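A.B. asks: Sharing upload-v1.cif (mmCIF, C-alpha atoms) below.
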```cif
data_entry
#
loop_
_atom_site.label_atom_id
_atom_site.label_comp_id
_atom_site.auth_asym_id
_atom_site.auth_seq_id
_atom_site.Cartn_x
_atom_site.Cartn_y
_atom_site.Cartn_z
CA MET A 1 110.65 96.25 111.81
CA ARG A 2 112.24 95.95 108.40
CA THR A 3 111.02 92.38 107.87
CA LEU A 4 107.40 93.14 108.75
CA CYS A 5 107.29 96.32 106.67
CA ALA A 6 108.97 94.65 103.70
CA SER A 7 106.47 91.79 103.87
CA THR A 8 103.60 94.25 103.73
CA LEU A 9 105.19 96.06 100.80
CA ILE A 10 105.69 92.81 98.87
CA GLY A 11 102.01 92.05 99.41
CA GLU A 12 101.22 95.47 98.01
CA VAL A 13 103.23 94.70 94.87
CA PHE A 14 100.85 91.83 94.16
CA LEU A 15 97.83 93.95 95.08
CA ILE A 16 98.89 96.69 92.66
CA GLY A 17 99.51 94.14 89.92
CA PHE A 18 96.06 92.63 90.34
CA ALA A 19 94.51 96.11 90.52
CA GLY A 20 96.20 96.86 87.20
CA LEU A 21 94.53 93.83 85.68
CA VAL A 22 91.16 95.07 86.93
CA ALA A 23 91.83 98.62 85.70
CA MET A 24 92.55 97.33 82.19
CA LYS A 25 88.85 96.55 81.85
CA ASP A 26 87.97 100.24 82.20
CA PRO A 27 87.38 101.53 78.67
CA ASP A 28 88.37 105.08 79.71
CA LEU A 29 91.92 104.00 80.61
CA SER A 30 94.56 103.03 78.11
CA MET A 31 96.64 99.93 78.76
CA THR A 32 99.79 102.05 78.58
CA THR A 33 98.56 104.39 81.30
CA VAL A 34 97.44 101.55 83.56
CA TRP A 35 100.72 99.66 83.35
CA THR A 36 102.88 102.77 83.57
CA VAL A 37 101.18 103.83 86.80
CA SER A 38 101.04 100.28 88.15
CA GLY A 39 104.65 99.59 87.21
CA ILE A 40 105.90 102.75 88.90
CA ALA A 41 103.89 101.96 92.03
CA MET A 42 105.19 98.37 92.13
CA PHE A 43 108.77 99.60 91.66
CA LEU A 44 108.30 102.11 94.50
CA CYS A 45 107.07 99.32 96.78
CA LEU A 46 110.15 97.24 96.01
CA ALA A 47 112.51 100.21 96.40
CA LEU A 48 110.87 101.14 99.69
CA CYS A 49 111.67 97.67 101.04
CA GLY A 50 115.33 98.68 101.03
CA VAL A 51 114.95 102.12 102.58
CA VAL A 52 112.20 101.54 105.12
CA THR A 53 114.60 101.76 108.08
CA ARG A 54 116.25 104.96 106.85
CA PRO A 55 115.03 108.43 107.78
CA GLY A 56 111.80 109.16 105.95
CA GLY A 57 111.21 105.53 104.97
CA ILE A 58 108.15 105.13 107.17
CA ALA A 59 106.72 108.45 105.92
CA LEU A 60 107.17 107.30 102.32
CA GLY A 61 105.35 104.09 103.26
CA TRP A 62 102.44 106.13 104.61
CA ALA A 63 102.36 108.17 101.39
CA LEU A 64 102.12 104.91 99.47
CA GLN A 65 99.25 103.77 101.69
CA ILE A 66 97.38 107.00 101.02
CA ALA A 67 97.96 106.59 97.29
CA LEU A 68 96.50 103.08 97.44
CA ILE A 69 93.39 104.34 99.19
CA VAL A 70 93.03 107.23 96.72
CA SER A 71 93.26 104.74 93.85
CA GLY A 72 89.77 103.72 94.95
CA PHE A 73 88.47 106.56 92.79
CA VAL A 74 89.58 104.52 89.77
CA ILE A 75 88.91 101.02 91.17
CA PRO A 76 86.32 101.24 93.97
CA THR A 77 87.51 98.01 95.63
CA MET A 78 90.82 99.75 96.33
CA PHE A 79 89.15 101.90 98.99
CA PHE A 80 88.74 98.73 101.04
CA MET A 81 92.00 97.06 100.01
CA GLY A 82 93.98 100.27 100.51
CA ALA A 83 92.52 100.69 103.99
CA LEU A 84 93.29 97.05 104.76
CA PHE A 85 96.92 97.44 103.70
CA ALA A 86 97.18 100.75 105.59
CA ALA A 87 96.12 98.85 108.72
CA LEU A 88 98.74 96.19 107.93
CA TRP A 89 101.33 98.92 107.45
CA TRP A 90 100.44 100.43 110.83
CA ALA A 91 100.71 97.01 112.49
CA SER A 92 104.04 96.33 110.77
CA VAL A 93 105.50 99.63 111.97
CA HIS A 94 103.99 99.44 115.47
CA TYR A 95 104.83 95.83 116.26
CA GLY A 96 108.11 95.96 114.34
CA ARG A 97 109.31 98.73 116.64
CA LYS A 98 108.27 96.70 119.68
CA ILE A 99 110.18 93.69 118.38
CA ASP A 100 113.26 95.83 117.71
CA GLU A 101 113.07 97.25 121.26
CA ALA A 102 112.76 93.76 122.73
CA LYS A 103 115.76 92.54 120.70
CA ALA A 104 117.83 95.49 121.94
CA ARG A 105 116.76 94.80 125.53
CA PHE A 106 117.70 91.12 125.26
CA ALA A 107 121.04 92.01 123.67
CA ALA A 108 121.75 94.48 126.48
CA GLN A 109 120.87 91.85 129.09
CA ALA A 110 123.10 89.31 127.42
CA GLY A 111 125.94 91.83 127.42
CA GLU A 112 125.52 92.51 131.16
CA THR A 113 125.89 88.87 132.09
CA SER A 114 129.50 88.11 132.80
CA PRO A 115 131.06 84.94 131.38
CA SER A 116 132.03 83.71 134.85
CA GLY A 117 128.41 83.78 136.00
CA VAL A 118 129.11 86.24 138.86
#
```
Kindly transcribe the structure held in the file into structure tokens.
C.D. replies:
Amino acid sequence: MRTLCASTLIGEVFLIGFAGLVAMKDPDLSMTTVWTVSGIAMFLCLALCGVVTRPGGIALGWALQIALIVSGFVIPTMFFMGALFAALWWASVHYGRKIDEAKARFAAQAGETSPSGV
């Protein structure tokens, strides 16, 4: 699960960076504000890559997904992109858990097989 979730979060780092470039064109936003918010969000994505398998990591990921969707009020395209990455996050968590369960099952089966083949 960690690999899939981290891949989604790395993609979000790029998404947030590009969204920052788009937000700079808004005359109501200062460049300092845009890059402070974008920088913090990108840092959180990277930090979350390391804690995604710890308790609360998935919940923090969902909070990030909601924040991306809400950022659509500043950059309307982010409604769509945030929803797209929220779907990717769901798939990463859902299928990542299935992969982890399958790995554990295969490891258990390999441990049950005796070396003598009996």
A.B. asks: Determine, counting all atoms listed in the file, which protein, DNA and RNA residues have an atom within 12 Å of an atom of range 86-96 of chain A; residues of the same chain fewer than 3 positions away are not included. Present the result as a ChimeraX atom specification.
C.D. replies: /A:1-12,52-53,57-70,78-83,99-103
A.B. asks: Take CA of Leu84 in chain A and CA of Gly72 in chain A and report the distance between them in Å, one decimal.
C.D. replies: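 Spanning CA of Leu84 in chain A to CA of Gly72 in chain A is a straight-line distance of 12.4 Å.
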A.B. asks: What does the distance from CA of Thr32 in chain A to CA of Val51 in chain A come to in Å, to one decimal?
C.D. replies: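 Interatomic distance here is 28.4 Å.
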A.B. asks: Would you mind reading off the distance between CA of Cys49 in chain A and CA of Phe85 in chain A, one decimal, in Å?
C.D. replies: 15.0 Å
A.B. asks: Pick from A:Val74, A:Met42, A:Leu48, A:Ala108: nearest to Phe14 in chain A, with only C-alpha atoms counted?
C.D. replies: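 The closest residue to Phe14 in chain A is A:Met42.
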A.B. asks: On this file, the PyMOL selection byres ((chain A and resi 39) around 12) gives some set of residues; write that set as a count of residues only.
C.D. replies: 24
